[in-house]
>>> print(open('data_32.txt').read())   # compact mmCIF, C-alpha atoms and all ligand atoms
# COMPACT_ATOMS: atom_id res chain seq x y z
CA MET A 1 23.48 -11.21 14.99
CA LYS A 2 20.16 -11.14 13.13
CA SER A 3 19.88 -8.06 10.92
CA GLU A 4 16.99 -5.62 11.33
CA PHE A 5 13.94 -5.88 9.05
CA GLN A 6 14.18 -2.78 6.83
CA PRO A 7 12.03 -3.60 3.79
CA ILE A 8 11.25 -1.50 0.73
CA GLY A 9 7.64 -0.31 1.04
CA VAL A 10 5.34 -0.60 -1.96
CA PHE A 11 2.08 1.32 -1.75
CA ASP A 12 -1.05 1.39 -3.89
CA SER A 13 -4.70 2.27 -3.40
CA GLY A 14 -5.51 -1.42 -3.96
CA TYR A 15 -4.28 -4.35 -6.03
CA GLY A 16 -2.64 -2.43 -8.90
CA GLY A 17 0.72 -1.98 -7.20
CA LEU A 18 1.09 -5.77 -7.23
CA THR A 19 1.96 -5.44 -10.95
CA ILE A 20 4.97 -3.39 -9.85
CA LEU A 21 5.86 -5.56 -6.85
CA LYS A 22 5.83 -8.64 -9.11
CA GLU A 23 8.71 -7.19 -11.15
CA PHE A 24 10.61 -6.12 -8.00
CA LEU A 25 10.38 -9.70 -6.71
CA ASN A 26 11.74 -11.01 -10.03
CA ASP A 27 14.58 -8.51 -10.24
CA LEU A 28 15.48 -8.11 -6.55
CA PRO A 29 14.65 -11.50 -4.99
CA THR A 30 16.96 -11.09 -2.00
CA TYR A 31 15.43 -7.80 -0.83
CA ASP A 32 12.69 -7.53 1.80
CA PHE A 33 9.40 -5.86 0.81
CA ILE A 34 6.17 -4.73 2.45
CA TYR A 35 3.13 -4.27 0.22
CA LEU A 36 0.36 -2.02 1.49
CA GLY A 37 -2.97 -1.78 -0.36
CA ASP A 38 -5.53 0.75 0.83
CA ASN A 39 -8.33 -1.44 -0.56
CA ALA A 40 -10.90 -0.09 1.90
CA ARG A 41 -10.61 3.37 0.32
CA ALA A 42 -9.89 2.44 -3.33
CA PRO A 43 -10.30 3.80 -5.91
CA TYR A 44 -8.29 6.97 -5.41
CA GLY A 45 -8.80 8.12 -9.02
CA PRO A 46 -11.99 10.17 -8.48
CA ARG A 47 -10.83 11.66 -5.15
CA SER A 48 -9.67 15.25 -4.67
CA PHE A 49 -6.05 16.31 -4.49
CA GLU A 50 -6.34 16.93 -0.71
CA VAL A 51 -7.82 13.52 0.04
CA VAL A 52 -5.32 11.55 -2.08
CA TYR A 53 -2.50 13.49 -0.45
CA GLU A 54 -3.87 12.84 3.07
CA TYR A 55 -4.40 9.09 2.47
CA THR A 56 -1.02 8.65 0.78
CA LEU A 57 0.79 10.47 3.59
CA GLN A 58 -0.92 8.20 6.14
CA ALA A 59 0.29 5.16 4.19
CA VAL A 60 3.85 6.47 3.91
CA LYS A 61 3.96 7.16 7.66
CA LYS A 62 2.67 3.65 8.37
CA LEU A 63 5.33 2.10 6.12
CA PHE A 64 8.01 4.19 7.86
CA GLU A 65 6.72 2.95 11.25
CA MET A 66 7.02 -0.61 9.90
CA GLY A 67 10.71 0.03 9.24
CA CYS A 68 10.86 0.97 5.53
CA PRO A 69 13.74 3.32 4.69
CA LEU A 70 12.44 3.62 1.11
CA VAL A 71 8.83 3.70 -0.14
CA ILE A 72 7.68 3.37 -3.75
CA LEU A 73 4.28 4.87 -4.52
CA ALA A 74 3.24 2.13 -6.96
CA CYS A 75 0.20 4.21 -7.87
CA ASN A 76 0.10 6.91 -10.54
CA THR A 77 -2.74 8.78 -8.85
CA ALA A 78 -0.78 9.03 -5.59
CA SER A 79 2.42 9.84 -7.51
CA ALA A 80 0.60 12.59 -9.42
CA LYS A 81 -1.21 14.13 -6.48
CA ALA A 82 0.91 13.50 -3.39
CA LEU A 83 4.53 12.68 -4.25
CA ARG A 84 5.90 16.19 -4.68
CA ASN A 85 4.29 17.48 -1.46
CA ILE A 86 5.52 14.48 0.51
CA GLN A 87 9.06 14.81 -0.86
CA GLN A 88 9.31 18.57 -0.42
CA LYS A 89 7.05 19.38 2.55
CA ASP A 90 6.78 16.30 4.73
CA LEU A 91 9.98 14.26 4.42
CA PRO A 92 12.32 17.02 5.67
CA HIS A 93 10.64 17.01 9.08
CA ILE A 94 9.34 13.40 9.28
CA ASP A 95 12.73 11.88 8.46
CA PRO A 96 15.14 13.46 5.97
CA GLU A 97 17.07 10.18 5.71
CA ARG A 98 14.15 8.21 4.21
CA ARG A 99 13.00 8.39 0.61
CA VAL A 100 9.70 8.20 -1.29
CA LEU A 101 9.70 7.62 -5.07
CA GLY A 102 6.90 7.41 -7.65
CA VAL A 103 6.09 5.62 -10.90
CA ILE A 104 5.46 8.42 -13.39
CA ARG A 105 9.06 9.46 -14.03
CA PRO A 106 10.30 5.95 -14.98
CA ALA A 107 7.64 5.67 -17.72
CA VAL A 108 8.32 9.18 -18.96
CA GLU A 109 12.08 8.63 -19.09
CA SER A 110 11.62 5.48 -21.18
CA ILE A 111 9.19 6.81 -23.78
CA GLY A 112 11.97 8.00 -26.10
CA ASP A 113 12.95 4.36 -26.66
CA TYR A 114 9.50 3.53 -28.01
CA THR A 115 7.89 6.38 -29.92
CA ARG A 116 9.03 6.96 -33.50
CA ASN A 117 6.78 9.90 -34.37
CA GLY A 118 6.41 11.56 -30.94
CA HIS A 119 2.63 10.99 -30.70
CA VAL A 120 2.04 9.51 -27.25
CA GLY A 121 -1.21 8.42 -25.61
CA ILE A 122 -1.83 8.24 -21.86
CA LEU A 123 -4.50 6.06 -20.25
CA GLY A 124 -5.03 6.89 -16.59
CA THR A 125 -7.46 7.64 -13.79
CA VAL A 126 -9.41 10.89 -13.70
CA GLY A 127 -7.05 12.14 -10.99
CA THR A 128 -3.90 11.38 -12.97
CA VAL A 129 -5.30 12.92 -16.16
CA LEU A 130 -6.56 16.09 -14.46
CA SER A 131 -3.22 16.58 -12.69
CA ASN A 132 -1.56 16.85 -16.13
CA SER A 133 1.51 15.19 -14.62
CA TYR A 134 2.23 13.14 -17.74
CA PRO A 135 2.10 15.99 -20.28
CA ILE A 136 4.16 18.20 -17.93
CA GLU A 137 6.78 15.53 -17.22
CA LEU A 138 6.91 14.41 -20.87
CA GLU A 139 7.56 17.99 -21.93
CA LYS A 140 10.35 18.31 -19.34
CA TRP A 141 12.08 14.96 -19.71
CA ALA A 142 11.45 13.72 -23.21
CA GLY A 143 12.35 17.11 -24.70
CA GLY A 144 11.96 17.18 -28.49
CA LYS A 145 11.11 13.48 -28.68
CA VAL A 146 7.44 13.90 -27.76
CA VAL A 147 5.48 16.22 -30.02
CA LYS A 148 1.96 15.51 -28.87
CA THR A 149 0.53 13.93 -25.71
CA THR A 150 -3.13 12.90 -25.66
CA GLN A 151 -4.79 11.70 -22.46
CA GLU A 152 -7.90 9.61 -21.83
CA ALA A 153 -9.36 9.11 -18.35
CA CYS A 154 -10.80 5.63 -17.78
CA PRO A 155 -12.87 5.96 -14.57
CA ILE A 156 -14.41 2.49 -14.72
CA TRP A 157 -11.24 0.45 -15.24
CA VAL A 158 -9.93 0.45 -11.64
CA PRO A 159 -13.29 -0.65 -10.15
CA LEU A 160 -13.39 -3.46 -12.75
CA VAL A 161 -9.96 -4.68 -11.62
CA GLU A 162 -10.67 -4.20 -7.89
CA ASN A 163 -13.80 -6.34 -8.33
CA ASN A 164 -11.96 -9.04 -10.27
CA GLU A 165 -13.97 -8.41 -13.45
CA THR A 166 -10.95 -8.40 -15.76
CA ASP A 167 -12.42 -10.79 -18.33
CA SER A 168 -16.15 -10.18 -18.24
CA PRO A 169 -18.10 -8.94 -21.31
CA GLY A 170 -18.88 -5.57 -19.68
CA THR A 171 -15.14 -4.95 -19.39
CA GLU A 172 -14.70 -5.14 -23.17
CA TYR A 173 -17.34 -2.46 -23.62
CA PHE A 174 -15.59 0.06 -21.33
CA VAL A 175 -12.06 -0.75 -22.51
CA SER A 176 -12.96 -0.42 -26.20
CA LYS A 177 -14.84 2.82 -25.55
CA ASN A 178 -11.87 4.54 -23.89
CA ILE A 179 -9.34 3.25 -26.40
CA ASN A 180 -11.49 4.36 -29.33
CA ASN A 181 -11.76 7.84 -27.77
CA LEU A 182 -7.99 8.04 -27.35
CA LEU A 183 -7.19 6.90 -30.89
CA ALA A 184 -9.86 9.18 -32.37
CA ALA A 185 -8.39 12.18 -30.53
CA ASP A 186 -4.98 11.52 -32.15
CA PRO A 187 -4.95 8.84 -34.86
CA LYS A 188 -1.16 9.22 -35.15
CA ILE A 189 -0.45 7.80 -31.66
CA ASP A 190 2.28 5.14 -31.92
CA SER A 191 2.89 4.52 -28.19
CA ILE A 192 0.51 4.34 -25.24
CA ILE A 193 1.55 4.49 -21.59
CA LEU A 194 -0.66 2.48 -19.25
CA GLY A 195 -0.56 5.26 -16.66
CA CYS A 196 -2.23 3.30 -13.89
CA THR A 197 -0.74 0.28 -12.16
CA HIS A 198 -4.10 -1.53 -12.25
CA TYR A 199 -4.25 -1.53 -16.07
CA PRO A 200 -1.75 -4.34 -16.83
CA LEU A 201 -4.35 -6.66 -15.32
CA LEU A 202 -6.61 -5.68 -18.24
CA MET A 203 -3.86 -6.19 -20.82
CA PRO A 204 -5.50 -9.06 -22.78
CA VAL A 205 -8.64 -6.93 -23.30
CA ILE A 206 -6.67 -3.73 -24.00
CA ARG A 207 -4.55 -5.52 -26.63
CA LYS A 208 -7.72 -6.62 -28.44
CA PHE A 209 -8.62 -3.02 -29.19
CA VAL A 210 -5.18 -1.48 -29.75
CA PRO A 211 -3.67 -2.17 -33.20
CA GLU A 212 -0.52 -4.33 -33.11
CA ASN A 213 1.71 -1.55 -34.47
CA ILE A 214 1.09 0.63 -31.38
CA HIS A 215 3.42 0.07 -28.41
CA LEU A 216 1.73 -0.48 -25.05
CA LEU A 217 4.03 0.46 -22.18
CA GLU A 218 3.47 -1.26 -18.83
CA GLN A 219 5.22 0.32 -15.88
CA GLY A 220 6.33 -2.76 -13.90
CA LYS A 221 9.59 -3.55 -15.71
CA LEU A 222 10.41 0.13 -16.27
CA VAL A 223 9.94 1.01 -12.59
CA SER A 224 11.89 -2.04 -11.49
CA SER A 225 14.90 -1.23 -13.67
CA LYS A 226 14.83 2.39 -12.43
CA LEU A 227 14.75 1.13 -8.83
CA ILE A 228 17.85 -0.98 -9.50
CA GLU A 229 19.58 2.07 -11.01
CA TYR A 230 18.53 4.13 -7.99
CA LEU A 231 19.95 1.58 -5.53
CA ASN A 232 23.20 1.45 -7.53
CA ARG A 233 23.46 5.23 -7.44
CA HIS A 234 22.68 5.36 -3.69
CA PRO A 235 24.77 2.64 -2.00
CA GLU A 236 23.97 4.13 1.43
CA MET A 237 20.25 3.44 0.82
CA ASP A 238 21.00 0.05 -0.70
CA GLN A 239 22.90 -0.95 2.46
CA ARG A 240 19.99 0.09 4.66
CA CYS A 241 17.52 -2.15 2.78
CA SER A 242 17.50 -5.55 4.46
CA LYS A 243 17.92 -8.62 2.30
CA SER A 244 16.34 -11.81 3.63
CA GLY A 245 13.87 -12.32 0.78
CA ILE A 246 10.89 -11.67 3.10
CA VAL A 247 7.68 -10.19 1.62
CA LYS A 248 4.81 -9.05 3.84
CA TYR A 249 1.37 -7.94 2.67
CA PHE A 250 -0.98 -5.52 4.41
CA THR A 251 -4.45 -4.32 3.43
CA THR A 252 -6.92 -1.89 4.95
CA GLU A 253 -9.79 -4.23 3.92
CA ASN A 254 -10.64 -7.82 4.76
CA GLU A 255 -7.44 -9.90 4.66
CA LYS A 256 -9.13 -13.06 3.34
CA VAL A 257 -10.57 -11.21 0.33
CA PHE A 258 -7.22 -9.52 -0.26
CA GLU A 259 -5.34 -12.83 -0.14
CA LYS A 260 -7.70 -14.44 -2.65
CA ASN A 261 -7.54 -11.59 -5.17
CA ALA A 262 -3.86 -10.78 -4.66
CA THR A 263 -2.92 -14.40 -5.36
CA THR A 264 -4.61 -14.17 -8.76
CA PHE A 265 -2.85 -10.91 -9.53
CA ILE A 266 0.66 -11.77 -8.34
CA GLY A 267 0.63 -15.45 -9.28
CA ARG A 268 1.62 -16.82 -5.87
CA LYS A 269 -0.13 -17.71 -2.63
CA ILE A 270 0.20 -14.99 -0.03
CA LYS A 271 -0.77 -14.24 3.57
CA SER A 272 -1.84 -10.76 4.62
CA GLU A 273 -2.65 -8.72 7.69
CA LYS A 274 -5.19 -6.00 8.17
CA VAL A 275 -3.91 -2.56 9.05
CA LEU A 276 -5.67 0.69 9.93
CA LEU A 277 -4.58 3.95 8.33
CA LYS A 278 -5.32 7.22 10.08
N1 LIG A 301 -3.17 1.95 -9.28
C1 LIG A 301 -3.63 3.33 -9.16
C2 LIG A 301 -2.92 4.18 -10.20
O1 LIG A 301 -1.86 3.76 -10.67
C3 LIG A 301 -5.13 3.32 -9.20
C4 LIG A 301 -5.73 4.51 -8.65
C5 LIG A 301 -7.12 4.36 -8.12
O2 LIG A 301 -7.24 3.82 -7.04
O3 LIG A 301 -8.04 4.88 -8.74
O4 LIG A 301 -3.34 5.25 -10.53
>>> encode(input="data_32.txt", output="structure tokens")
Amino acid sequence: MKSEFQPIGVFDSGYGGLTILKEFLNDLPTYDFIYLGDNARAPYGPRSFEVVYEYTLQAVKKLFEMGCPLVILACNTASAKALRNIQQKDLPHIDPERRVLGVIRPAVESIGDYTRNGHVGILGTVGTVLSNSYPIELEKWAGGKVVKTTQEACPIWVPLVENNETDSPGTEYFVSKNINNLLAADPKIDSIILGCTHYPLLMPVIRKFVPENIHLLEQGKLVSSKLIEYLNRHPEMDQRCSKSGIVKYFTTENEKVFEKNATTFIGRKIKSEKVLLK
């Protein structure tokens, strides 16, 4: 008998979550995945708490309808502004057997392995920075290891990535400006979390302006190893996730544009379908 398609859902406002999916596909090649990018409404960063929550909940419901027993919000802005509400308020009555996880905790839990002096920098969207999720979580989880967290919102970076401008001269201007602000606010920073899943796509430019002795933490590998740990700790969920190595891509924007850009970002040719969120 053919087993049911029960993929792991991966959601982002746009292309950024592909940096997380890429690591999942490396580490869990037998699992089925659905990627959903809300490209038509990206970026989420400048949007209010209510709107990000509403859009993210629509996406989670859609991924549940498509058969996902587990959804990863591969977006810091959605994780910061919607995850807790969805977990505590919505899941109990939508379906208490399904799970939604975010990307902030995996980065926070790993920071102790990187920082030597406890001075940590966060680069994120306006929404993520204003939510204070990173300082709050770092305080809770990293305990005495983090002494000072400094945040810098980078409102232009996501639009640059969404518009495939990752290596244009204008990009260097904005990237250097935000990094200089961050390092001027705390010159002792020895580790920086890229607190937005779009930012790894700007890594070559970011690295140009961040001194070599400062660690730059990308979330992809960290989130992927935490997902593996999660599946090991929850064999009942692991069994529900189907494993035929199928990956499907959905976007709320034009599928041809998505396919072209996503291929650059994920390093493989893909096919996608358009989906409506409401
Ligand atoms: N990839 C999202 C994040 O990690 C980008 C948010 C946006 O759309 O502004 O925050």
>>> residues_around(input="data_32.txt", residues="A:Gly118", least_positions_apart="5", cutoff="7 Å", atoms="only C-alpha atoms", output="count of residues only")
4
>>> closest_residue(input="data_32.txt", among="A:Val223, A:Val210, A:Val247, A:Ile94", to="A:Lys269", atoms="all atoms listed in the file")
A:Val247
>>> residues_around(input="data_32.txt", residues="A:Ser131", least_positions_apart="3", cutoff="9 Å", atoms="all atoms listed in the file", output="VMD selection string")
chain A and resid 49 77 80 to 81 126 to 128 134
>>> write_last_selection(input="data_32.txt", atoms="C-alpha atoms", output="compact mmCIF listing (two decimals), in the frame of the given file")
# COMPACT_ATOMS: atom_id res chain seq x y z
CA PHE A 49 -6.05 16.31 -4.49
CA THR A 77 -2.74 8.78 -8.85
CA ALA A 80 0.60 12.59 -9.42
CA LYS A 81 -1.21 14.13 -6.48
CA VAL A 126 -9.41 10.89 -13.70
CA GLY A 127 -7.05 12.14 -10.99
CA THR A 128 -3.90 11.38 -12.97
CA TYR A 134 2.23 13.14 -17.74
>>> residues_around(input="data_32.txt", residues="A:Leu18", least_positions_apart="5", cutoff="12 Å", atoms="only C-alpha atoms", output="NGL selection string")
:A and (9-13 or 23-25 or 33-37 or 72-75 or 161-162 or 196-201 or 219-220 or 247 or 249-250 or 258-259 or 261-268 or 270)
>>> closest_residue(input="data_32.txt", among="A:Leu194, A:Thr166, A:Gly14, A:Asp95", to="A:Val129", atoms="all atoms listed in the file")
A:Leu194
>>> residues_around(input="data_32.txt", residues="A:Glu255", least_positions_apart="3", cutoff="9 Å", atoms="only C-alpha atoms", output="PyMOL selection string")
chain A and resi 250-252+258-260+271-274
>>> closest_residue(input="data_32.txt", among="A:Gly102, A:Pro235, A:Gly195, A:Pro135", to="A:Val158", atoms="all atoms listed in the file")
A:Gly195
>>> closest_residue(input="data_32.txt", among="A:Lys278, A:Arg47, A:Lys62, A:Lys177", to="ligand LIG 301 (chain A)", atoms="all atoms listed in the file")
A:Arg47
>>> residues_around(input="data_32.txt", residues="A:Asn85", least_positions_apart="3", cutoff="12 Å", atoms="all atoms listed in the file", output="PyMOL selection string")
chain A and resi 49-50+52-54+56-57+78-82+88-92+100-101
>>> closest_residue(input="data_32.txt", among="A:Met66, A:Ile122, A:Val71, A:Val257", to="ligand LIG 301 (chain A)", atoms="only C-alpha atoms and all ligand atoms")
A:Ile122
>>> atom_distance(input="data_32.txt", atom1="atom CA of A:Phe64", atom2="atom CA of A:Ser242")
14.0 Å
>>> closest_residue(input="data_32.txt", among="A:Ser48, A:Val175, A:Asn163, A:Pro29", to="A:Leu130", atoms="all atoms listed in the file")
A:Ser48
>>> atom_distance(input="data_32.txt", atom1="atom CA of A:Ser133", atom2="atom CA of A:Ile20")
19.5 Å
>>> residues_near_point(input="data_32.txt", point="(-4.0, -3.2, -33.5)", cutoff="12 Å", atoms="all atoms listed in the file", output="PyMOL selection string")
chain A and resi 176+179-180+183+189-191+205-216
>>> atom_distance(input="data_32.txt", atom1="atom CA of A:Lys140", atom2="atom CA of A:Val108")
9.4 Å
